[in-house]
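Have a look at query.txt below; it lists compact mmCIF, C-alpha atoms and all ligand atoms.
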```txt
# COMPACT_ATOMS: atom_id res chain seq x y z
CA MET A 194 -54.28 -248.79 29.82
CA THR A 195 -56.23 -246.86 27.27
CA HIS A 196 -54.76 -244.58 24.72
CA ASP A 197 -56.96 -241.77 25.79
CA ALA A 198 -55.55 -241.54 29.26
CA HIS A 199 -52.15 -239.98 29.48
CA ASP A 200 -50.81 -237.54 31.93
CA HIS A 201 -50.14 -234.73 29.50
CA GLU A 202 -52.93 -232.65 30.92
CA GLU A 203 -50.49 -230.14 32.29
CA GLY A 204 -49.72 -228.99 28.74
CA ALA A 205 -53.27 -229.13 27.53
CA THR A 206 -54.40 -225.96 29.22
CA ARG A 207 -51.88 -223.75 27.47
CA ARG A 208 -51.97 -222.48 23.96
CA LYS A 209 -49.61 -224.78 22.15
CA VAL A 210 -47.23 -224.38 19.30
CA LEU A 211 -45.07 -227.19 18.04
CA GLU A 212 -41.98 -225.35 18.97
CA CYS A 213 -39.13 -227.75 18.61
CA MET A 214 -38.37 -230.96 16.86
CA THR A 215 -35.02 -232.60 16.94
CA TRP A 216 -33.90 -235.84 15.39
CA ALA A 217 -32.17 -238.22 17.72
CA GLY A 218 -30.46 -240.92 15.76
CA THR A 219 -33.41 -242.26 13.92
CA GLY A 220 -35.90 -240.41 16.03
CA VAL A 221 -37.62 -237.09 15.67
CA LEU A 222 -37.98 -235.03 18.76
CA TRP A 223 -40.95 -232.72 18.64
CA THR A 224 -41.92 -230.03 20.97
CA LEU A 225 -45.49 -228.87 20.93
CA ALA A 226 -46.17 -225.39 22.19
CA GLY A 227 -49.13 -223.80 20.47
CA GLY A 228 -50.32 -225.65 17.37
CA ILE A 229 -47.52 -225.26 14.87
CA PRO A 230 -44.44 -227.43 15.09
CA ARG A 231 -41.00 -225.91 15.03
CA SER A 232 -37.56 -227.14 15.94
CA THR A 233 -34.77 -225.49 17.83
CA GLY A 234 -31.63 -227.41 17.06
CA LEU A 235 -29.66 -230.57 16.66
CA ILE A 236 -29.18 -233.23 19.27
CA GLY A 237 -27.13 -231.78 22.05
CA GLU A 238 -28.25 -228.32 21.10
CA ALA A 239 -31.96 -228.61 21.63
CA LYS A 240 -33.18 -225.79 23.76
CA ALA A 241 -36.82 -226.55 24.22
CA ASP A 242 -38.62 -224.09 26.39
CA GLU A 243 -38.95 -226.41 29.35
CA SER A 244 -41.59 -224.31 31.02
CA LYS A 245 -43.97 -224.82 28.09
CA ALA A 246 -42.49 -227.49 25.92
CA PHE A 247 -44.14 -230.74 25.08
CA SER A 248 -42.05 -233.07 23.02
CA PHE A 249 -42.22 -236.54 21.60
CA LEU A 250 -39.98 -238.81 19.64
CA GLN A 251 -40.43 -241.10 16.64
CA LEU A 252 -38.59 -244.38 16.22
CA SER A 253 -39.14 -246.72 13.31
CA ASP A 254 -38.15 -250.03 11.79
CA SER A 255 -35.92 -251.39 14.51
CA HIS A 256 -36.20 -254.90 12.95
CA ILE A 257 -34.90 -256.68 16.04
CA GLY A 258 -33.88 -260.15 14.88
CA PHE A 259 -32.44 -258.95 11.57
CA ASP A 260 -28.89 -260.26 11.26
CA LYS A 261 -28.06 -260.02 7.56
CA PRO A 262 -25.03 -258.22 6.08
CA ALA A 263 -26.84 -254.87 5.80
CA ASN A 264 -26.56 -254.71 9.62
CA PRO A 265 -25.68 -257.79 11.66
CA ASN A 266 -26.22 -255.82 14.88
CA ALA A 267 -29.68 -254.25 14.83
CA ASN A 268 -29.72 -254.46 18.63
CA GLY A 269 -26.61 -252.31 18.77
CA THR A 270 -27.90 -249.55 16.51
CA LEU A 271 -31.23 -249.42 18.35
CA THR A 272 -29.27 -249.12 21.58
CA GLU A 273 -27.30 -246.24 20.08
CA ALA A 274 -30.53 -244.51 19.13
CA ILE A 275 -31.86 -244.90 22.66
CA THR A 276 -28.59 -243.61 24.06
CA LYS A 277 -29.12 -240.48 21.95
CA VAL A 278 -32.65 -240.18 23.25
CA ASN A 279 -31.45 -240.41 26.82
CA ALA A 280 -28.84 -237.73 26.20
CA LEU A 281 -31.46 -235.19 25.12
CA PRO A 282 -31.37 -232.15 27.37
CA ALA A 283 -35.16 -231.91 27.35
CA LYS A 284 -36.84 -235.21 28.09
CA PRO A 285 -39.57 -236.01 25.57
CA SER A 286 -42.99 -236.80 26.99
CA PHE A 287 -43.37 -240.01 25.03
CA MET A 288 -42.32 -241.86 21.94
CA ILE A 289 -44.12 -243.28 18.96
CA HIS A 290 -42.78 -246.31 17.11
CA THR A 291 -43.99 -246.62 13.52
CA GLY A 292 -43.60 -250.37 13.21
CA ASP A 293 -41.36 -253.24 12.26
CA ILE A 294 -40.28 -253.42 15.86
CA SER A 295 -39.29 -257.02 15.19
CA HIS A 296 -38.05 -258.76 12.07
CA LEU A 297 -40.04 -262.00 12.37
CA SER A 298 -42.73 -261.33 15.04
CA LYS A 299 -40.93 -263.60 17.50
CA PRO A 300 -41.66 -263.05 21.21
CA ALA A 301 -37.92 -263.05 21.91
CA GLU A 302 -37.44 -260.24 19.37
CA PHE A 303 -40.18 -258.16 20.98
CA ASP A 304 -38.64 -258.90 24.38
CA THR A 305 -35.28 -257.55 23.20
CA ALA A 306 -36.87 -254.48 21.61
CA ASP A 307 -38.86 -253.75 24.76
CA GLN A 308 -35.76 -254.15 26.88
CA ILE A 309 -33.70 -251.72 24.78
CA ILE A 310 -36.46 -249.17 24.15
CA GLY A 311 -37.46 -249.45 27.80
CA GLN A 312 -34.13 -247.91 28.73
CA SER A 313 -35.59 -244.60 27.57
CA ARG A 314 -38.17 -244.89 30.36
CA LEU A 315 -40.62 -243.25 27.98
CA ASP A 316 -44.19 -244.20 27.29
CA VAL A 317 -44.21 -245.69 23.77
CA HIS A 318 -47.17 -245.71 21.38
CA TYR A 319 -46.80 -248.41 18.76
CA VAL A 320 -48.35 -249.23 15.43
CA PRO A 321 -47.41 -252.51 13.74
CA GLY A 322 -45.32 -253.00 10.64
CA GLU A 323 -45.87 -256.05 8.44
CA HIS A 324 -42.96 -257.77 10.20
CA ASP A 325 -44.79 -257.53 13.53
CA VAL A 326 -47.93 -259.37 12.46
CA LEU A 327 -46.54 -262.47 10.75
CA ASP A 328 -48.68 -264.79 12.89
CA ASP A 329 -52.14 -265.33 11.43
CA ASP A 330 -54.16 -263.80 14.25
CA ARG A 331 -51.62 -261.00 15.08
CA LYS A 332 -51.97 -262.13 18.66
CA ILE A 333 -48.33 -261.73 19.61
CA TYR A 334 -48.35 -258.04 18.67
CA LEU A 335 -51.84 -257.26 19.98
CA ASP A 336 -51.32 -258.96 23.33
CA ARG A 337 -48.21 -256.91 23.87
CA TYR A 338 -48.96 -253.52 22.29
CA GLY A 339 -52.67 -253.50 21.48
CA LYS A 340 -54.26 -252.88 24.88
CA GLY A 341 -57.10 -250.44 24.43
CA ALA A 342 -56.66 -250.41 20.65
CA LYS A 343 -59.34 -251.25 18.10
CA GLY A 344 -59.30 -253.83 15.31
CA ALA A 345 -55.78 -254.70 14.19
CA GLY A 346 -54.33 -252.17 16.62
CA TRP A 347 -55.51 -248.65 15.73
CA TYR A 348 -56.26 -246.00 18.34
CA SER A 349 -56.06 -242.30 19.09
CA PHE A 350 -55.10 -240.15 22.04
CA ASP A 351 -54.71 -236.49 22.94
CA ALA A 352 -51.47 -234.97 24.12
CA GLY A 353 -50.13 -231.44 24.33
CA GLY A 354 -53.22 -230.01 22.70
CA ALA A 355 -52.77 -232.20 19.60
CA HIS A 356 -54.75 -235.26 18.58
CA PHE A 357 -52.67 -238.33 17.74
CA VAL A 358 -54.02 -241.12 15.55
CA GLY A 359 -52.18 -244.44 15.20
CA LEU A 360 -53.32 -246.35 12.10
CA VAL A 361 -52.65 -249.90 10.87
CA ASN A 362 -52.08 -250.35 7.14
CA VAL A 363 -50.20 -253.66 7.10
CA VAL A 364 -52.97 -256.25 7.39
CA ASP A 365 -55.45 -257.81 4.92
CA LEU A 366 -53.33 -256.67 2.01
CA LYS A 367 -54.67 -257.54 -1.44
CA GLY A 368 -52.65 -259.14 -4.22
CA GLY A 369 -51.27 -256.53 -6.61
CA GLY A 370 -51.97 -253.74 -4.12
CA MET A 371 -50.13 -251.71 -1.51
CA GLY A 372 -50.81 -250.86 2.13
CA ASN A 373 -54.43 -251.03 3.22
CA LEU A 374 -56.52 -249.35 5.92
CA GLY A 375 -59.81 -251.10 5.25
CA ALA A 376 -63.45 -250.08 5.65
CA ASP A 377 -63.68 -250.76 9.39
CA GLN A 378 -60.71 -248.60 10.23
CA LEU A 379 -61.83 -245.80 7.89
CA ALA A 380 -65.26 -245.76 9.54
CA TRP A 381 -63.60 -245.58 12.95
CA LEU A 382 -61.34 -242.76 11.75
CA GLN A 383 -64.25 -240.74 10.44
CA ALA A 384 -66.03 -240.95 13.79
CA ASP A 385 -62.82 -240.25 15.70
CA LEU A 386 -62.05 -237.11 13.67
CA ALA A 387 -65.64 -235.88 13.69
CA ALA A 388 -65.25 -235.21 17.40
CA ARG A 389 -62.31 -232.80 16.86
CA THR A 390 -62.38 -229.17 15.94
CA ALA A 391 -60.65 -227.98 12.77
CA SER A 392 -58.11 -226.02 14.78
CA THR A 393 -56.84 -229.11 16.59
CA PRO A 394 -53.38 -230.09 15.31
CA ILE A 395 -53.57 -233.67 14.07
CA VAL A 396 -50.65 -236.10 14.04
CA VAL A 397 -51.31 -239.33 12.13
CA PHE A 398 -48.83 -242.17 12.30
CA ALA A 399 -48.75 -245.52 10.52
CA HIS A 400 -46.11 -247.89 9.21
CA ILE A 401 -46.45 -247.75 5.42
CA PRO A 402 -46.46 -244.26 3.88
CA LEU A 403 -49.93 -242.76 3.51
CA TRP A 404 -49.02 -241.23 0.18
CA THR A 405 -47.78 -243.10 -2.86
CA ILE A 406 -44.02 -242.83 -3.01
CA TYR A 407 -43.36 -245.68 -5.42
CA ALA A 408 -46.14 -248.05 -6.41
CA ASP A 409 -43.79 -250.53 -8.11
CA TRP A 410 -42.38 -251.32 -4.68
CA GLY A 411 -45.71 -251.06 -2.90
CA TRP A 412 -44.65 -247.86 -1.14
CA GLY A 413 -48.06 -246.38 -0.56
CA THR A 414 -51.50 -247.14 0.87
CA GLN A 415 -54.36 -248.16 -1.42
CA ASP A 416 -57.14 -246.36 0.37
CA SER A 417 -55.17 -243.51 1.95
CA GLU A 418 -57.06 -240.96 -0.17
CA GLN A 419 -60.17 -241.64 1.86
CA ALA A 420 -58.31 -241.03 5.10
CA LEU A 421 -56.68 -237.87 3.74
CA GLY A 422 -60.09 -236.61 2.62
CA MET A 423 -61.26 -236.80 6.23
CA LEU A 424 -58.23 -234.76 7.30
CA LYS A 425 -58.85 -231.87 4.86
CA LYS A 426 -60.83 -229.80 7.34
CA PHE A 427 -57.93 -229.57 9.78
CA GLY A 428 -55.53 -226.65 9.66
CA SER A 429 -52.45 -228.61 10.69
CA VAL A 430 -51.94 -232.26 9.82
CA THR A 431 -48.65 -234.10 10.19
CA VAL A 432 -48.33 -237.65 8.87
CA LEU A 433 -45.45 -239.76 10.18
CA ASN A 434 -44.54 -243.08 8.58
CA GLY A 435 -41.72 -245.60 8.40
CA HIS A 436 -41.35 -248.69 6.19
CA ILE A 437 -39.04 -247.28 3.52
CA HIS A 438 -36.02 -246.78 5.80
CA GLN A 439 -35.16 -243.37 4.48
CA VAL A 440 -36.19 -239.78 4.80
CA MET A 441 -38.83 -238.52 2.43
CA GLN A 442 -41.22 -235.68 2.80
CA LYS A 443 -43.95 -233.90 1.00
CA VAL A 444 -46.29 -231.04 1.81
CA GLU A 445 -49.74 -230.96 0.28
CA GLY A 446 -52.02 -228.20 1.42
CA ASN A 447 -52.18 -228.38 5.20
CA VAL A 448 -50.73 -231.87 5.31
CA ALA A 449 -47.04 -232.55 5.86
CA PHE A 450 -45.87 -236.12 5.20
CA HIS A 451 -42.64 -237.54 6.60
CA THR A 452 -41.06 -240.95 6.45
CA ALA A 453 -38.45 -241.82 9.04
CA ARG A 454 -35.20 -243.67 8.91
CA SER A 455 -34.80 -247.13 10.35
CA THR A 456 -32.62 -247.91 13.33
CA ALA A 457 -31.57 -251.14 11.59
CA PHE A 458 -30.66 -250.80 7.92
CA PRO A 459 -31.16 -248.48 4.96
CA GLN A 460 -33.20 -249.21 1.86
CA PRO A 461 -32.52 -247.88 -1.63
CA ALA A 462 -34.11 -244.77 -3.06
CA PRO A 463 -37.16 -245.61 -5.18
CA GLY A 464 -36.26 -247.41 -8.37
CA THR A 465 -32.49 -247.22 -7.84
CA ALA A 466 -32.02 -250.93 -7.11
CA PRO A 467 -33.49 -254.20 -8.33
CA SER A 468 -35.58 -254.42 -5.15
CA PRO A 469 -36.50 -252.47 -2.04
CA GLY A 470 -34.61 -254.96 0.15
CA PRO A 471 -31.95 -254.09 2.74
CA MET A 472 -29.15 -252.01 1.24
CA LYS A 473 -25.65 -253.04 2.18
CA VAL A 474 -23.29 -250.12 2.57
CA GLU A 475 -19.69 -250.16 3.78
CA ASP A 476 -19.53 -250.84 7.50
CA SER A 477 -17.94 -247.46 8.09
CA LYS A 478 -20.88 -245.81 6.30
CA LEU A 479 -23.75 -247.58 8.06
CA ARG A 480 -24.28 -244.93 10.69
CA THR A 481 -24.09 -242.23 8.07
CA VAL A 482 -27.20 -243.64 6.41
CA LEU A 483 -28.98 -244.34 9.68
CA GLY A 484 -28.17 -240.78 10.79
CA ILE A 485 -30.08 -238.00 12.39
CA ARG A 486 -32.84 -235.95 10.87
CA GLN A 487 -34.23 -232.74 12.14
CA VAL A 488 -37.42 -231.29 10.73
CA ASN A 489 -38.36 -227.67 11.34
CA PHE A 490 -41.84 -226.36 11.06
CA VAL A 491 -41.72 -222.59 10.95
CA PRO A 492 -44.66 -221.14 12.87
CA GLY A 493 -47.26 -219.72 10.57
CA ALA A 494 -45.54 -221.08 7.46
CA GLU A 495 -46.57 -224.16 5.55
CA ARG A 496 -43.11 -224.94 4.30
CA LEU A 497 -40.96 -227.31 6.29
CA ALA A 498 -37.25 -227.02 6.93
CA VAL A 499 -35.50 -230.33 7.22
CA ILE A 500 -32.01 -230.95 8.50
CA ASP A 501 -30.52 -234.41 8.19
CA THR A 502 -27.58 -235.22 10.37
CA PRO A 503 -25.93 -238.62 10.29
CA LEU A 504 -25.89 -240.78 13.39
CA ALA A 505 -22.12 -240.79 13.01
CA GLY A 506 -19.53 -239.41 10.59
CA MET B 290 -48.76 -278.25 6.15
CA THR B 291 -51.41 -280.95 6.66
CA PHE B 292 -53.24 -279.61 3.67
CA VAL B 293 -50.16 -279.80 1.50
CA PHE B 294 -49.47 -283.33 2.70
CA ASN B 295 -53.03 -284.41 1.99
CA CYS B 296 -52.92 -282.86 -1.44
CA ALA B 297 -49.67 -284.62 -2.17
CA ARG B 298 -51.12 -287.89 -0.97
CA ALA B 299 -54.29 -287.34 -2.95
CA ALA B 300 -52.21 -286.72 -6.04
CA LEU B 301 -50.38 -289.97 -5.50
CA ILE B 302 -53.64 -291.83 -5.02
CA VAL B 303 -55.03 -290.31 -8.21
CA ALA B 304 -51.85 -291.30 -10.00
CA ALA B 305 -52.15 -294.83 -8.64
CA LEU B 306 -55.79 -295.07 -9.73
CA MET B 307 -54.85 -293.96 -13.19
CA GLY B 308 -52.74 -297.07 -13.58
CA ALA B 309 -49.14 -297.94 -14.16
CA SER B 310 -48.70 -295.51 -17.00
CA ALA B 311 -49.41 -292.55 -14.70
CA VAL B 312 -46.24 -290.85 -13.58
CA ARG B 313 -46.08 -288.37 -10.75
CA ALA B 314 -45.44 -284.94 -12.22
CA ALA B 315 -42.04 -283.42 -11.56
CA ASP B 316 -41.58 -280.72 -8.97
CA MET B 317 -41.54 -277.15 -10.17
CA PRO B 318 -39.22 -274.68 -8.41
CA VAL B 319 -40.11 -271.00 -8.07
CA SER B 320 -37.49 -268.76 -6.54
CA ILE B 321 -38.05 -265.49 -4.74
CA ASP B 322 -35.27 -263.06 -5.53
CA ASN B 323 -35.29 -259.30 -5.21
CA PHE B 324 -38.99 -259.25 -4.30
CA VAL B 325 -39.92 -261.11 -7.51
CA PHE B 326 -41.37 -264.60 -8.00
CA THR B 327 -39.31 -266.27 -10.73
CA PRO B 328 -40.78 -267.45 -12.97
CA ALA B 329 -43.68 -265.14 -12.30
CA GLU B 330 -45.92 -267.29 -14.48
CA THR B 331 -45.48 -270.96 -15.13
CA GLN B 332 -47.44 -273.80 -16.68
CA VAL B 333 -47.42 -277.20 -15.00
CA SER B 334 -49.29 -280.46 -15.33
CA VAL B 335 -51.83 -281.72 -12.80
CA GLY B 336 -50.13 -283.23 -9.78
CA THR B 337 -47.13 -280.96 -9.91
CA THR B 338 -45.71 -279.80 -6.61
CA VAL B 339 -44.52 -276.22 -6.80
CA ILE B 340 -41.72 -275.44 -4.39
CA TRP B 341 -41.06 -271.79 -3.56
CA THR B 342 -37.71 -270.80 -2.05
CA ASN B 343 -37.06 -267.37 -0.55
CA ASN B 344 -33.57 -266.15 -1.39
CA ASP B 345 -34.09 -262.61 -0.09
CA ASP B 346 -32.86 -261.08 3.17
CA ILE B 347 -36.47 -260.18 3.93
CA PRO B 348 -39.29 -262.62 4.70
CA HIS B 349 -42.02 -263.22 2.15
CA THR B 350 -45.16 -265.31 1.98
CA VAL B 351 -46.99 -267.21 -0.75
CA VAL B 352 -50.75 -266.71 -0.54
CA ASP B 353 -53.30 -267.96 -3.04
CA ALA B 354 -55.51 -265.11 -4.30
CA ASP B 355 -58.59 -267.20 -3.43
CA HIS B 356 -57.04 -268.24 -0.10
CA LYS B 357 -56.91 -271.91 -1.09
CA TYR B 358 -53.42 -272.21 0.34
CA LYS B 359 -51.06 -269.99 2.26
CA SER B 360 -47.52 -270.28 3.52
CA SER B 361 -46.29 -269.00 6.81
CA ALA B 362 -43.63 -266.28 6.66
CA LEU B 363 -40.61 -267.63 4.78
CA ASP B 364 -37.34 -266.35 6.13
CA THR B 365 -34.16 -266.44 4.07
CA GLY B 366 -33.69 -269.94 2.63
CA ASP B 367 -37.10 -271.20 3.73
CA LYS B 368 -39.25 -273.24 1.35
CA PHE B 369 -42.97 -273.76 0.88
CA SER B 370 -44.61 -276.31 -1.37
CA HIS B 371 -48.08 -276.88 -2.70
CA THR B 372 -49.31 -279.64 -4.99
CA PHE B 373 -51.78 -278.63 -7.68
CA THR B 374 -54.30 -281.43 -8.17
CA GLU B 375 -56.81 -279.74 -10.43
CA PRO B 376 -56.50 -277.86 -13.69
CA GLY B 377 -56.96 -274.13 -13.52
CA THR B 378 -55.20 -270.79 -13.24
CA TYR B 379 -53.98 -270.01 -9.76
CA GLU B 380 -52.88 -266.51 -8.91
CA TYR B 381 -50.91 -265.85 -5.76
CA PHE B 382 -49.10 -263.00 -4.03
CA CYS B 383 -46.94 -262.13 -1.04
CA SER B 384 -49.16 -260.91 1.79
CA LEU B 385 -46.32 -258.76 3.16
CA HIS B 386 -45.44 -257.16 -0.18
CA PRO B 387 -48.61 -257.54 -2.23
CA HIS B 388 -47.08 -255.96 -5.30
CA MET B 389 -45.32 -259.33 -5.60
CA THR B 390 -47.62 -261.54 -7.63
CA GLY B 391 -47.35 -264.82 -9.53
CA LYS B 392 -49.46 -267.27 -11.48
CA ILE B 393 -49.50 -271.05 -11.82
CA ILE B 394 -51.38 -272.47 -14.79
CA VAL B 395 -52.25 -276.14 -14.23
CA LYS B 396 -53.17 -278.23 -17.29
CU CU C 1 -42.81 -260.27 0.23
```
Hey, can you dump this file as structure tokens for me?
Ligand SMILES: [Cu+2]
Amino acid sequence: MTHDAHDHEEGATRRKVLECMTWAGTGVLWTLAGGIPRSTGLIGEAKADESKAFSFLQLSDSHIGFDKPANPNANGTLTEAITKVNALPAKPSFMIHTGDISHLSKPAEFDTADQIIGQSRLDVHYVPGEHDVLDDDRKIYLDRYGKGAKGAGWYSFDAGGAHFVGLVNVVDLKGGGMGNLGADQLAWLQADLAARTASTPIVVFAHIPLWTIYADWGWGTQDSEQALGMLKKFGSVTVLNGHIHQVMQKVEGNVAFHTARSTAFPQPAPGTAPSPGPMKVEDSKLRTVLGIRQVNFVPGAERLAVIDTPLAG
Amino acid sequence: MTFVFNCARAALIVAALMGASAVRAADMPVSIDNFVFTPAETQVSVGTTVIWTNNDDIPHTVVDADHKYKSSALDTGDKFSHTFTEPGTYEYFCSLHPHMTGKIIVK
């Protein structure tokens, strides 16, 4: 399988606007229908225009294998997220997963994740989190998810008239630094983007945020400025990340940045705890911090409208 | 682990060669709590075995800045040890969370 070959051609001939995005549990449902993303409602209320709609979902940080007090049942909460996905009235075309699929890169953890996520019957495009590449040669991840990808697992594909770029910023990290893309990947990105016109909507996804949220906790990517520089020519750029297990967003020029929630456990807001480690909340509150987020892009407007809805409660 | 074992053995051999007065240096513990190596900087004598223990709910690694030694991922409660056989300043970090850094000064 290559990442360039997907059967989304049907949508590619129409003028597209990102018409609808809906959060499902920890996922974002997007509908592309003409270049600018927009959402239509909460889970259960989504009314994507099925004749034109093209939608996809984002999952992140499922951490299968995690069993600590912050959430002893990461399998269960991922299953709940997938149940939400399956209940969507408009079936998304595919899903992206922004990494930390597993907690300890164990084959059995990936097996479990694949089994649960597979219940969505959706094509899933993965990028690794640092928890997925704990073996020295990253072989376990790459053998499973890296078919057709370059280097440590980066790739791009076209869908719904948009160009999707999956980046890897969790390998070859340098002491004292943050996330890292590296020269090889940046060179590949430059060539990949050079082949696209400025009017093509670009969706970039990677595990660690591509803007610096909190350097003290390593919440950023060392060389992301170089990547963002290459994206300046594009009229619509959406950057989707995970890693920090909470919703954050920023708009800078034509670039909208979003971090997603985890399906496993929350992490503290920057600087509000001694460390960025898993945050234990009352059991009855867990699903309120893993909740649902909806992001609205208003057509023609740069400003985003974001609606966060808890998974439960 | 072979490397660590060999270093430890080498240290013992060196100690033996130095005669009866040579005493094997004590172990030095470094704990990992809240994404921090504690103590972050420590001074030890040649032959000291530093033992890192991860007390966090998240895995960490210990990687020498010059890649002289490297642990595998340490899950909660896991330990890694390395014996320092030569004087020098050794900086290390966590390859998963590289803002986590530490330093061992061997005299
Ligand atoms: Cu770490």
Worksheet entry | Distance-based interface of chain A with chain B, 9 Å, counting only C-alpha atoms, as a VMD selection string | chain A and resid 259 261 to 262 296 to 297 323 to 324 327 to 329 363 to 372 408 to 411 467 to 471
Practice prompt. Counting all atoms listed in the file, find the residues whose atoms lie at most 8 Å from (-48.7, -269.7, -10.9) (file coordinates) and write them out as a ChimeraX atom specification.
Written response: /B:329-332,378-381,391-394
Worksheet item: Taking into account only C-alpha atoms, which residue in the set A:Val432, A:Ile406, A:Leu281, A:Ala384 is nearest to Leu360 of chain A?
Response: A:Val432
Worksheet item: For the atom pair atom CA of Ala466 of chain A and atom CA of Lys299 of chain A, what is the interatomic distance in Å to one decimal place?
Response: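 Straight-line distance from atom CA of Ala466 of chain A to atom CA of Lys299 of chain A works out to 29.1 Å.
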Fill in: Nearest-residue call for Pro376 of chain B, choices B:Thr342, B:Lys396, B:Pro328, B:Ser360, using all atoms listed in the file
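Using all atoms listed in the file, the shortest distance to Pro376 of chain B belongs to B:Lys396.
Minimum distance to ligand CU 1 (chain C) across B:Ile321, B:Val335, B:Val395, B:Ile340 (counting only C-alpha atoms and all ligand atoms) occurs at B:Ile321.
Going from atom CA of Pro321 of chain A to atom CA of Thr291 of chain A covers 6.8 Å.
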Worksheet item: For the atom pair atom CA of Tyr358 of chain B and atom CA of Asn343 of chain B, what is the interatomic distance in Å to one decimal place?
Response: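 Atom CA of Asn343 of chain B lies 17.1 Å from atom CA of Tyr358 of chain B.
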Worksheet entry | Residue with smallest distance to ligand CU 1 (chain C) - pool B:Phe373, B:Lys357, B:Ala314, B:Asn344, counting all atoms listed in the file |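 For ligand CU 1 (chain C), the nearest of the given residues is B:Asn344.
Nearest-residue note for ligand CU 1 (chain C): choosing from B:Phe326, B:Val333, B:Phe369, B:Lys359, the minimum distance belongs to B:Phe326, counting only C-alpha atoms and all ligand atoms.
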